$ cat my_file12.txt   # compact mmCIF, C-alpha atoms
# COMPACT_ATOMS: atom_id res chain seq x y z
CA MET C 2 245.17 142.36 105.87
CA ARG C 3 247.52 145.38 106.11
CA MET C 4 251.04 145.11 107.47
CA LEU C 5 252.52 148.36 108.80
CA VAL C 6 256.24 148.75 108.27
CA ASN C 7 258.09 150.46 111.09
CA LEU C 8 260.74 152.66 109.51
CA ALA C 9 263.23 152.44 112.37
CA ILE C 10 262.97 148.67 112.47
CA LEU C 11 263.31 148.41 108.72
CA LEU C 12 266.48 150.52 108.69
CA VAL C 13 268.06 148.34 111.36
CA MET C 14 266.89 145.27 109.46
CA VAL C 15 268.49 146.40 106.24
CA GLY C 16 271.70 147.48 107.95
CA VAL C 17 271.59 151.23 107.35
CA ALA C 18 273.91 152.71 109.93
CA PRO C 19 273.38 156.28 111.15
CA ILE C 20 275.64 158.79 109.37
CA SER C 21 277.24 159.89 112.63
CA SER C 22 277.57 156.76 114.75
CA SER C 23 279.73 156.59 117.84
CA ALA C 24 281.88 153.60 118.76
CA GLN C 25 279.26 152.56 121.33
CA GLU C 26 276.53 152.66 118.72
CA LYS C 27 278.63 150.54 116.39
CA GLU C 28 279.04 147.94 119.11
CA THR C 29 275.28 147.68 119.64
CA THR C 30 274.49 147.57 115.94
CA PRO C 31 273.98 144.01 114.67
CA LYS C 32 277.10 142.72 112.99
CA THR C 33 276.77 142.67 109.22
CA THR C 34 278.99 141.92 106.29
CA PRO C 35 279.65 144.59 103.66
CA ALA C 36 277.25 142.69 101.38
CA GLN C 37 274.46 143.40 103.85
CA MET C 38 274.94 147.16 103.90
CA ILE C 39 272.81 149.68 101.97
CA ASP C 40 274.38 152.82 100.59
CA ALA C 41 273.02 156.18 101.64
CA ALA C 42 271.28 156.99 98.33
CA THR C 43 269.45 153.65 98.23
CA GLY C 44 268.60 153.92 101.93
CA LYS C 45 267.04 157.35 101.36
CA ILE C 46 264.78 155.98 98.64
CA LEU C 47 263.78 152.99 100.77
CA THR C 48 262.96 155.38 103.62
CA GLU C 49 260.76 157.41 101.29
CA ALA C 50 258.96 154.24 100.15
CA VAL C 51 258.36 153.00 103.70
CA GLU C 52 257.00 156.37 104.84
CA ALA C 53 254.55 156.37 101.94
CA LEU C 54 253.56 152.79 102.66
CA ASN C 55 252.81 153.56 106.30
CA THR C 56 250.47 156.37 105.25
CA GLU C 57 248.76 153.99 102.80
CA ASN C 58 250.01 156.01 99.85
CA TYR C 59 250.82 152.93 97.82
CA ASP C 60 251.32 154.71 94.51
CA ALA C 61 253.92 156.99 96.08
CA ALA C 62 255.65 153.99 97.59
CA LYS C 63 255.85 152.30 94.19
CA GLN C 64 257.07 155.51 92.56
CA ALA C 65 259.87 155.75 95.10
CA ILE C 66 260.95 152.17 94.40
CA GLY C 67 260.78 152.98 90.68
CA LYS C 68 263.67 155.41 91.14
CA LEU C 69 266.01 152.49 91.78
CA ASN C 70 267.91 150.58 89.13
CA LEU C 71 267.22 147.07 90.40
CA GLU C 72 269.98 145.56 88.25
CA LYS C 73 272.63 147.60 90.06
CA LEU C 74 271.48 146.74 93.59
CA SER C 75 273.41 144.33 95.77
CA PRO C 76 271.71 141.03 96.63
CA TYR C 77 270.91 142.39 100.09
CA GLU C 78 269.51 145.66 98.74
CA ARG C 79 267.42 143.76 96.19
CA SER C 80 265.99 141.54 98.93
CA GLN C 81 264.90 144.62 100.91
CA VAL C 82 263.26 146.18 97.86
CA GLU C 83 261.34 142.96 97.20
CA GLN C 84 260.13 142.89 100.81
CA ILE C 85 258.81 146.46 100.55
CA LEU C 86 257.03 145.58 97.31
CA ALA C 87 255.55 142.54 99.07
CA SER C 88 254.30 144.80 101.87
CA ILE C 89 252.63 147.09 99.34
CA ASP C 90 250.88 144.15 97.66
CA GLN C 91 249.88 142.60 100.98
CA SER C 92 248.37 145.90 102.14
CA GLN C 93 246.27 145.90 98.97
CA GLU C 94 245.37 142.22 99.44
CA ASN C 95 247.22 141.25 96.27
CA TYR C 96 248.49 138.10 97.91
CA PRO C 97 249.83 136.18 94.88
CA SER C 98 252.04 139.12 93.91
CA ALA C 99 253.14 139.57 97.53
CA ARG C 100 254.22 135.92 97.65
CA ASN C 101 256.18 136.35 94.42
CA HIS C 102 258.04 139.33 95.83
CA LEU C 103 258.87 137.43 99.04
CA ALA C 104 260.14 134.52 96.98
CA ALA C 105 262.23 136.98 94.94
CA ALA C 106 263.63 138.43 98.18
CA ILE C 107 264.83 134.97 99.15
CA ALA C 108 266.15 134.24 95.66
CA ALA C 109 268.17 137.49 95.64
CA GLY C 110 270.68 135.72 97.89
CA GLY C 111 271.35 138.53 100.34
CA LEU C 112 269.57 137.19 103.43
CA ASN C 113 270.76 135.08 106.33
CA GLU C 114 269.02 131.91 107.52
CA VAL C 115 266.94 133.71 110.12
CA ASP C 116 265.59 136.20 107.58
CA ILE C 117 264.90 133.46 105.05
CA SER C 118 262.95 131.49 107.65
CA ARG C 119 260.92 134.59 108.51
CA LEU C 120 259.99 135.16 104.88
CA HIS C 121 258.99 131.52 104.42
CA PHE C 122 256.60 131.99 107.35
CA GLN C 123 255.13 135.12 105.75
CA ILE C 124 254.62 133.23 102.50
CA ALA C 125 252.68 130.57 104.42
CA GLN C 126 250.55 133.29 106.03
CA LEU C 127 249.71 134.71 102.63
CA TRP C 128 248.51 131.33 101.38
CA LEU C 129 246.22 131.09 104.41
CA ALA C 130 244.96 134.63 103.89
CA GLN C 131 243.65 133.41 100.52
CA GLU C 132 242.18 130.31 102.17
CA LYS C 133 244.55 128.19 100.11
CA TRP C 134 244.71 125.64 102.91
CA LYS C 135 246.65 122.91 101.14
CA GLU C 136 249.37 125.26 99.93
CA GLY C 137 249.45 127.03 103.30
CA ALA C 138 249.91 123.77 105.19
CA ALA C 139 252.72 122.70 102.87
CA ALA C 140 254.44 126.07 103.26
CA LEU C 141 254.17 125.90 107.05
CA GLU C 142 255.55 122.36 107.12
CA ASP C 143 258.54 123.60 105.10
CA TRP C 144 258.96 126.52 107.49
CA PHE C 145 258.92 124.23 110.54
CA LYS C 146 261.96 122.47 109.05
CA THR C 147 263.92 125.74 109.01
CA THR C 148 263.15 127.10 112.49
CA THR C 149 264.28 125.95 115.91
CA THR C 150 261.78 128.00 117.94
CA PRO C 151 258.26 127.68 116.48
CA ASN C 152 255.67 129.38 118.65
CA SER C 153 252.14 128.38 119.59
CA ALA C 154 250.55 130.62 116.95
CA ALA C 155 252.41 128.79 114.17
CA TYR C 156 251.14 125.42 115.37
CA TYR C 157 247.60 126.83 115.57
CA MET C 158 247.85 128.10 111.97
CA LEU C 159 249.01 124.69 110.78
CA ALA C 160 246.15 123.00 112.64
CA ILE C 161 243.63 125.37 111.02
CA ALA C 162 245.07 124.66 107.58
CA TYR C 163 244.59 120.91 108.05
CA TYR C 164 241.20 121.33 109.74
CA GLN C 165 239.89 123.30 106.77
CA GLN C 166 240.86 120.37 104.57
CA ASP C 167 239.03 117.91 106.87
CA LEU C 168 242.37 116.26 107.65
CA LEU C 169 241.48 115.78 111.30
CA ASP C 170 244.27 113.34 112.13
CA LYS C 171 246.84 115.83 110.85
CA ALA C 172 245.17 118.81 112.52
CA LEU C 173 244.99 117.39 116.04
CA PRO C 174 248.74 117.16 116.93
CA PRO C 175 249.61 120.79 116.03
CA ALA C 176 246.39 122.02 117.65
CA GLN C 177 247.33 120.28 120.90
CA LYS C 178 250.91 121.55 120.62
CA ALA C 179 249.60 125.10 120.31
CA LEU C 180 247.77 124.69 123.62
CA GLU C 181 250.83 123.20 125.30
CA LEU C 182 253.07 126.10 124.28
CA ALA C 183 250.61 128.92 124.94
CA GLU C 184 251.02 130.73 128.25
CA LYS C 185 247.36 131.77 128.15
CA PRO C 186 245.43 129.73 125.55
CA GLN C 187 242.88 131.63 123.52
CA GLU C 188 239.28 130.50 123.38
CA SER C 189 239.50 129.75 119.65
CA TRP C 190 242.52 127.52 120.20
CA ILE C 191 240.80 125.44 122.87
CA SER C 192 237.65 125.33 120.74
CA LEU C 193 239.63 123.97 117.79
CA VAL C 194 241.04 121.08 119.83
CA LEU C 195 237.56 120.48 121.23
CA ALA C 196 235.99 120.43 117.76
CA LEU C 197 238.58 117.91 116.58
CA HIS C 198 237.91 115.60 119.52
CA LEU C 199 234.15 115.88 119.10
CA GLN C 200 234.32 115.12 115.38
CA LYS C 201 236.49 112.10 116.12
CA GLU C 202 234.08 111.11 118.94
CA HIS C 203 236.78 111.35 121.58
CA TRP C 204 234.22 112.04 124.29
CA LYS C 205 236.50 111.61 127.32
CA GLU C 206 239.13 113.91 125.84
CA ALA C 207 236.47 116.56 125.26
CA LEU C 208 235.41 116.73 128.92
CA PRO C 209 238.39 118.68 130.37
CA LEU C 210 238.35 121.09 127.44
CA LEU C 211 234.67 121.89 127.95
CA THR C 212 235.21 122.27 131.68
CA GLN C 213 238.06 124.69 130.98
CA LEU C 214 235.91 126.71 128.58
CA ILE C 215 233.03 126.87 131.07
CA ASN C 216 235.41 128.10 133.77
CA MET C 217 236.69 130.78 131.38
CA PHE C 218 233.29 131.74 129.96
CA PRO C 219 230.55 130.65 132.39
CA ASP C 220 227.94 132.77 130.57
CA LYS C 221 228.29 130.96 127.23
CA LYS C 222 225.39 128.53 127.06
CA GLY C 223 226.81 126.51 124.17
CA TYR C 224 229.60 125.05 126.26
CA TRP C 225 227.13 123.90 128.93
CA LEU C 226 224.97 122.23 126.28
CA GLN C 227 227.99 120.53 124.72
CA LEU C 228 229.21 119.27 128.09
CA SER C 229 225.78 117.82 128.86
CA SER C 230 225.67 116.20 125.43
CA VAL C 231 229.14 114.66 125.89
CA TYR C 232 228.09 113.16 129.23
CA GLY C 233 225.09 111.75 127.39
CA GLN C 234 227.38 110.17 124.78
CA LEU C 235 229.33 108.60 127.64
CA GLU C 236 226.02 107.33 129.08
CA GLN C 237 226.61 109.33 132.23
CA TYR C 238 223.04 110.57 132.23
CA PRO C 239 222.85 111.89 135.81
CA LYS C 240 225.81 114.17 135.03
CA ALA C 241 224.19 115.21 131.76
CA LEU C 242 221.10 116.23 133.73
CA ALA C 243 223.11 117.99 136.45
CA ILE C 244 224.94 120.17 133.92
CA MET C 245 221.67 121.20 132.26
CA GLN C 246 220.10 121.93 135.64
CA LEU C 247 223.06 124.14 136.60
CA ALA C 248 222.75 126.02 133.33
CA TYR C 249 219.03 126.51 133.94
CA ASN C 250 219.61 127.72 137.49
CA ALA C 251 222.14 130.22 136.10
CA GLY C 252 219.46 131.62 133.79
CA LEU C 253 221.15 130.41 130.60
CA LEU C 254 218.42 128.12 129.28
CA VAL C 255 215.92 130.50 127.77
CA ASP C 256 215.09 128.72 124.51
CA ASP C 257 212.28 126.29 123.83
CA SER C 258 214.68 123.56 122.68
CA ASP C 259 216.64 123.87 125.95
CA VAL C 260 213.47 123.44 127.99
CA ARG C 261 212.47 120.29 126.14
CA ARG C 262 215.93 118.77 126.40
CA LEU C 263 216.06 119.35 130.14
CA ALA C 264 212.57 117.86 130.56
CA ASP C 265 213.60 114.78 128.55
CA LEU C 266 216.68 114.31 130.74
CA MET C 267 214.54 114.54 133.86
CA LEU C 268 212.20 111.86 132.55
CA PHE C 269 215.11 109.67 131.44
CA ASN C 270 216.72 109.99 134.87
CA ASN C 271 213.44 108.98 136.53
CA VAL C 272 212.61 112.27 138.22
CA PRO C 273 209.17 112.81 136.65
CA TYR C 274 207.67 114.87 139.47
CA ARG C 275 210.49 117.41 139.15
CA CYS C 276 209.94 117.34 135.39
CA GLY C 277 206.28 118.26 135.82
CA GLN C 278 207.13 121.10 138.17
CA PHE C 279 209.85 122.35 135.81
CA LEU C 280 207.50 122.44 132.81
CA ASP C 281 204.83 124.19 134.88
CA GLU C 282 207.45 126.85 135.66
CA ALA C 283 208.73 127.07 132.08
CA ILE C 284 205.21 127.59 130.75
CA ALA C 285 204.51 130.21 133.40
CA LYS C 286 207.74 132.05 132.48
CA LYS C 287 206.85 131.78 128.77
CA ILE C 288 210.23 130.30 127.85
CA ALA C 289 208.62 127.31 126.16
CA LYS C 290 206.66 127.31 122.94
CA ILE C 291 203.10 126.18 123.58
CA ASP C 292 202.11 123.28 121.31
CA SER C 293 200.70 119.80 121.47
CA LYS C 294 204.09 118.17 122.01
CA LEU C 295 204.91 120.37 124.99
CA TYR C 296 201.61 119.68 126.73
CA GLU C 297 202.03 115.99 125.96
CA LYS C 298 205.49 116.04 127.50
CA GLN C 299 204.13 117.79 130.57
CA ALA C 300 201.37 115.23 130.89
CA ASN C 301 203.87 112.38 130.50
CA CYS C 302 205.84 113.78 133.43
CA TRP C 303 202.78 113.77 135.69
CA VAL C 304 201.64 110.34 134.49
CA ALA C 305 205.10 108.88 135.15
CA ALA C 306 204.94 110.45 138.64
CA ARG C 307 201.50 108.80 139.08
CA GLU C 308 199.99 112.25 139.48
CA TYR C 309 197.09 111.42 137.20
CA THR C 310 194.94 114.32 138.30
CA LYS C 311 197.70 116.80 137.38
CA SER C 312 198.11 115.16 133.99
CA ILE C 313 194.49 115.70 132.94
CA GLU C 314 194.68 119.40 132.04
CA PRO C 315 197.87 119.34 129.93
CA LEU C 316 196.86 116.09 128.23
CA GLY C 317 193.49 117.57 127.34
CA LYS C 318 195.17 120.67 125.89
CA ALA C 319 197.58 118.49 123.94
CA ALA C 320 194.71 116.44 122.56
CA GLU C 321 192.84 119.55 121.40
CA LEU C 322 195.93 120.84 119.57
CA SER C 323 196.91 117.50 118.07
CA GLU C 324 196.22 116.66 114.44
CA ASN C 325 194.76 113.22 115.30
CA GLY C 326 192.77 111.62 118.08
CA ASP C 327 195.52 109.53 119.73
CA LEU C 328 196.00 111.90 122.65
CA PHE C 329 192.27 111.83 123.40
CA VAL C 330 192.65 108.05 123.63
CA ARG C 331 195.58 108.58 125.98
CA LEU C 332 193.43 110.94 128.05
CA GLY C 333 190.77 108.25 128.16
CA GLU C 334 193.35 105.77 129.50
CA VAL C 335 194.28 108.16 132.30
CA GLN C 336 190.61 108.63 133.19
CA VAL C 337 190.23 104.85 133.29
CA GLN C 338 193.15 104.75 135.76
CA ARG C 339 191.17 107.17 137.91
CA ASN C 340 187.94 105.16 137.49
CA GLU C 341 186.39 108.26 135.95
CA TRP C 342 184.30 106.27 133.48
CA ALA C 343 182.11 109.06 132.15
CA SER C 344 185.14 111.30 131.51
CA ALA C 345 186.92 108.36 129.91
CA SER C 346 183.95 107.76 127.58
CA ALA C 347 183.90 111.41 126.56
CA ALA C 348 187.63 111.50 125.81
CA LEU C 349 187.60 108.20 123.88
CA THR C 350 184.62 109.31 121.83
CA LYS C 351 186.44 112.53 120.90
CA GLY C 352 189.47 110.53 119.90
CA ILE C 353 187.51 108.21 117.63
CA ASN C 354 185.61 111.09 116.08
CA LYS C 355 188.81 113.08 115.45
CA GLY C 356 190.27 110.09 113.62
CA GLY C 357 193.75 109.30 112.40
CA LEU C 358 194.25 106.79 115.22
CA LYS C 359 197.22 104.45 115.29
CA ASP C 360 195.04 101.68 116.75
CA LEU C 361 191.33 102.24 116.19
CA GLY C 362 190.46 98.80 117.58
CA TYR C 363 192.11 99.64 120.90
CA ALA C 364 190.16 102.91 121.20
CA GLN C 365 186.91 101.04 120.45
CA LEU C 366 187.74 98.42 123.07
CA MET C 367 188.54 101.05 125.72
CA LEU C 368 185.29 102.91 124.98
CA GLY C 369 183.38 99.65 125.35
CA ILE C 370 185.06 99.05 128.74
CA ALA C 371 184.25 102.58 129.93
CA LEU C 372 180.58 102.15 128.92
CA PHE C 373 180.46 98.67 130.43
CA ASN C 374 181.52 100.12 133.80
CA GLN C 375 178.72 102.70 133.50
CA LYS C 376 176.20 99.90 132.93
CA GLU C 377 175.59 101.17 129.39
CA MET C 378 175.42 97.59 128.12
CA SER C 379 173.81 98.22 124.77
CA GLN C 380 176.32 100.84 123.74
CA ALA C 381 179.22 98.85 125.20
CA LYS C 382 178.17 95.79 123.18
CA GLY C 383 178.25 97.80 119.97
CA TRP C 384 181.81 99.00 120.58
CA PHE C 385 183.01 95.52 121.55
CA GLN C 386 181.57 94.22 118.28
CA LYS C 387 183.53 96.88 116.38
CA ALA C 388 186.71 96.09 118.33
CA LYS C 389 186.47 92.45 117.19
CA SER C 390 187.55 93.65 113.75
CA SER C 391 191.02 94.19 115.18
CA ASN C 392 193.21 91.10 115.35
CA GLN C 393 194.97 92.49 118.39
CA GLN C 394 191.80 93.37 120.32
CA ARG C 395 189.50 90.53 119.17
CA LYS C 396 190.22 88.14 122.05
CA THR C 397 189.64 90.78 124.77
CA ALA C 398 186.48 92.10 123.06
CA GLU C 399 185.02 88.58 122.77
CA GLY C 400 185.78 88.02 126.45
CA TYR C 401 183.70 91.03 127.43
CA LEU C 402 180.89 89.97 125.12
CA GLN C 403 180.83 86.49 126.70
CA LEU C 404 180.72 88.11 130.12
CA MET C 405 177.81 90.29 129.07
CA ARG C 406 175.91 87.25 127.70
CA ALA C 407 176.53 85.40 130.96
CA GLN C 408 175.17 88.30 132.97
CA GLU C 409 172.06 88.45 130.74
CA SER C 410 171.23 84.74 131.17
$ encode --input "my_file12.txt" --output "C-alpha cells"
Amino acid sequence: MRMLVNLAILLVMVGVAPISSSAQEKETTPKTTPAQMIDAATGKILTEAVEALNTENYDAAKQAIGKLNLEKLSPYERSQVEQILASIDQSQENYPSARNHLAAAIAAGGLNEVDISRLHFQIAQLWLAQEKWKEGAAALEDWFKTTTTPNSAAYYMLAIAYYQQDLLDKALPPAQKALELAEKPQESWISLVLALHLQKEHWKEALPLLTQLINMFPDKKGYWLQLSSVYGQLEQYPKALAIMQLAYNAGLLVDDSDVRRLADLMLFNNVPYRCGQFLDEAIAKKIAKIDSKLYEKQANCWVAAREYTKSIEPLGKAAELSENGDLFVRLGEVQVQRNEWASASAALTKGINKGGLKDLGYAQLMLGIALFNQKEMSQAKGWFQKAKSSNQQRKTAEGYLQLMRAQES
C-alpha cells in the first residue's frame, strides 16, 4: 500500500509560505502560529525528501531527512519529519514502523486537533493493512471520539474490523451506517450488510438488500440464488421458484446444481409436468450432468404428473446406472400402474438380481403379483412364498396364496 505525497499540499500543510508572497496570498494562506512555521532551510530539505519519496527513491528520501538535526527542530517541524518517515515506511509496507512515526508525530506536540485526528485515522488504517483487526477496531473507535464528521468509508472499515473478528453484533451498526451515509453505496458495502444479516438469519432484512444488488448487477447469478434461498427460508416457496425461473430464463443457470435445485423447487411447488419438460430441455442443452440421480429426478417429475409412459425411459436409464436394484423395483411399480405385467416382471426381476434392495420382501411380493396377473401361477406362488419371510409383506403374500388355493379347489 503506497501513499503518494503531493509536494504542494505538504508545503501548505507544514506552513511553508512562498518567499515572495503578496498580501492577497497571505490572506488566503491558512492562519498559523509561529510555532507552526518551517524555516527555509528545513523546508528545502523536506521538499527534497518528498520529491524522492514520490519517485519511490526511498533511500534518497531517508538521506535527505538525515541531514536534519532532529533535536533542534520545533515541535511542528518534528511532526512533519515524522509524517514523511511514516510515508516512507508505509510505501515499503513496514507498517509497525510507520505507526511508530505517526505516534511520534502526535507526541511531538506541534499539531492541532484536526491534524491529530487525521493521524489517528491513519494509524487505524495501518493496523487494518496488517489484518490486525482487534487493534484496528480499537484505533478506529478512538478516532471516532475525536472527529465530528466521520464519513461512510470509516464506518465501513470499522464494520470490516469487527466482521473479521466474528463480532457480528458490533459489525452490523457501522456497516448499516456506512450505507446510510454513502451517496452511491458500493457493492462490497451492501454485500457486507447482507452477509451480516444472513449469518444472523435475519431473512426479511436480507430481502431488500438482495433486490438492490440484483437491480445493480442483474448478471450476477449468486444474488439470484441467494434471493431464492432466502425466500425458501421464509417458506415463501412460490417466490423462491419464481426467482429461480427468472434466472433460468435470463440464461444465468448453466450449472448442474442450478438445474437440480430448480427441478426440486418445481416438484415442491406441485408443478411436476413443467419439471419434466424443464429437465428434458436441460438434458437436451447439456447443462445437466447425466447420472442416475438426474434420470430418477426426471422420472419422479413425470410420475408425479401421472405421465407414467413418459417416466419409463428416464427411470429405466436411472436403474441401469444405479448401484443397486431399487430403481428397477420402482420401474416395476410404474409398469404395474400401467397394467404392463410382463414389463413389470422383467423390471422386478432385474431389480432382485441386481441386489442391494432396501426391501427385498416388497420386490418379491410385487414380482409375485405381476406373475399372478399373467397367469404364471407356479412362479407367482414361489415368489409369494419368499415374500412371506418379510414381516411387512407376510400378510399380503399369504392373502394371495389363499386366493390361489381357492382358485385351484
$ atom_distance --input "my_file12.txt" --atom1 "atom CA of C:Phe218" --atom2 "atom CA of C:Trp190"
14.1 Å
$ atom_distance --input "my_file12.txt" --atom1 "atom CA of C:Gln93" --atom2 "atom CA of C:Leu120"
18.4 Å
$ residues_near_point --input "my_file12.txt" --point "(191.1, 106.1, 134.7)" --cutoff "12 Å" --atoms "only C-alpha atoms" --output "compact mmCIF listing (two decimals) with C-alpha atoms, keeping the file's coordinate frame"
# COMPACT_ATOMS: atom_id res chain seq x y z
CA VAL C 304 201.64 110.34 134.49
CA ARG C 307 201.50 108.80 139.08
CA GLU C 308 199.99 112.25 139.48
CA TYR C 309 197.09 111.42 137.20
CA THR C 310 194.94 114.32 138.30
CA SER C 312 198.11 115.16 133.99
CA ILE C 313 194.49 115.70 132.94
CA VAL C 330 192.65 108.05 123.63
CA ARG C 331 195.58 108.58 125.98
CA LEU C 332 193.43 110.94 128.05
CA GLY C 333 190.77 108.25 128.16
CA GLU C 334 193.35 105.77 129.50
CA VAL C 335 194.28 108.16 132.30
CA GLN C 336 190.61 108.63 133.19
CA VAL C 337 190.23 104.85 133.29
CA GLN C 338 193.15 104.75 135.76
CA ARG C 339 191.17 107.17 137.91
CA ASN C 340 187.94 105.16 137.49
CA GLU C 341 186.39 108.26 135.95
CA TRP C 342 184.30 106.27 133.48
CA ALA C 343 182.11 109.06 132.15
CA SER C 344 185.14 111.30 131.51
CA ALA C 345 186.92 108.36 129.91
CA SER C 346 183.95 107.76 127.58
CA ALA C 348 187.63 111.50 125.81
CA LEU C 349 187.60 108.20 123.88
CA MET C 367 188.54 101.05 125.72
CA LEU C 368 185.29 102.91 124.98
CA ILE C 370 185.06 99.05 128.74
CA ALA C 371 184.25 102.58 129.93
CA ASN C 374 181.52 100.12 133.80
$ closest_atom_pairs --input "my_file12.txt" --of "stretch 139-216 of chain C" --to "stretch 94-116 of chain C" --cutoff "12 Å" --atoms "all atoms listed in the file" --output "tab-separated table"
residue	atom	partner	partner_atom	distance
C:Ala140	CA	C:Arg100	CA	11.3
C:Trp144	CA	C:Val115	CA	11.1
C:Lys146	CA	C:Glu114	CA	11.9
C:Thr147	CA	C:Glu114	CA	8.1
C:Thr148	CA	C:Val115	CA	8.0
C:Thr149	CA	C:Val115	CA	10.0
C:Thr150	CA	C:Val115	CA	11.0
$ closest_residue --input "my_file12.txt" --among "C:Asn270, C:Leu211, C:Ser410, C:Asp143" --to "C:Lys240" --atoms "all atoms listed in the file"
C:Asn270
$ decode --input "my_file12.txt" --residues "stretch 197-209 of chain C" --atoms "C-alpha atoms" --output "mmCIF file, in the first residue's frame"
data_model
loop_
_atom_site.group_PDB
_atom_site.id
_atom_site.type_symbol
_atom_site.label_atom_id
_atom_site.label_comp_id
_atom_site.auth_asym_id
_atom_site.auth_seq_id
_atom_site.Cartn_x
_atom_site.Cartn_y
_atom_site.Cartn_z
ATOM 1 C CA LEU C 197 -24.186 -9.989 8.446
ATOM 2 C CA HIS C 198 -27.959 -10.373 8.143
ATOM 3 C CA LEU C 199 -27.646 -13.801 6.548
ATOM 4 C CA GLN C 200 -25.269 -15.052 9.238
ATOM 5 C CA LYS C 201 -27.655 -13.788 11.903
ATOM 6 C CA GLU C 202 -30.577 -15.370 9.982
ATOM 7 C CA HIS C 203 -32.309 -12.031 9.504
ATOM 8 C CA TRP C 204 -34.085 -13.277 6.393
ATOM 9 C CA LYS C 205 -36.562 -10.405 5.995
ATOM 10 C CA GLU C 206 -33.827 -7.801 6.339
ATOM 11 C CA ALA C 207 -31.826 -9.575 3.632
ATOM 12 C CA LEU C 208 -34.582 -9.327 1.008
ATOM 13 C CA PRO C 209 -34.295 -5.596 0.115
#
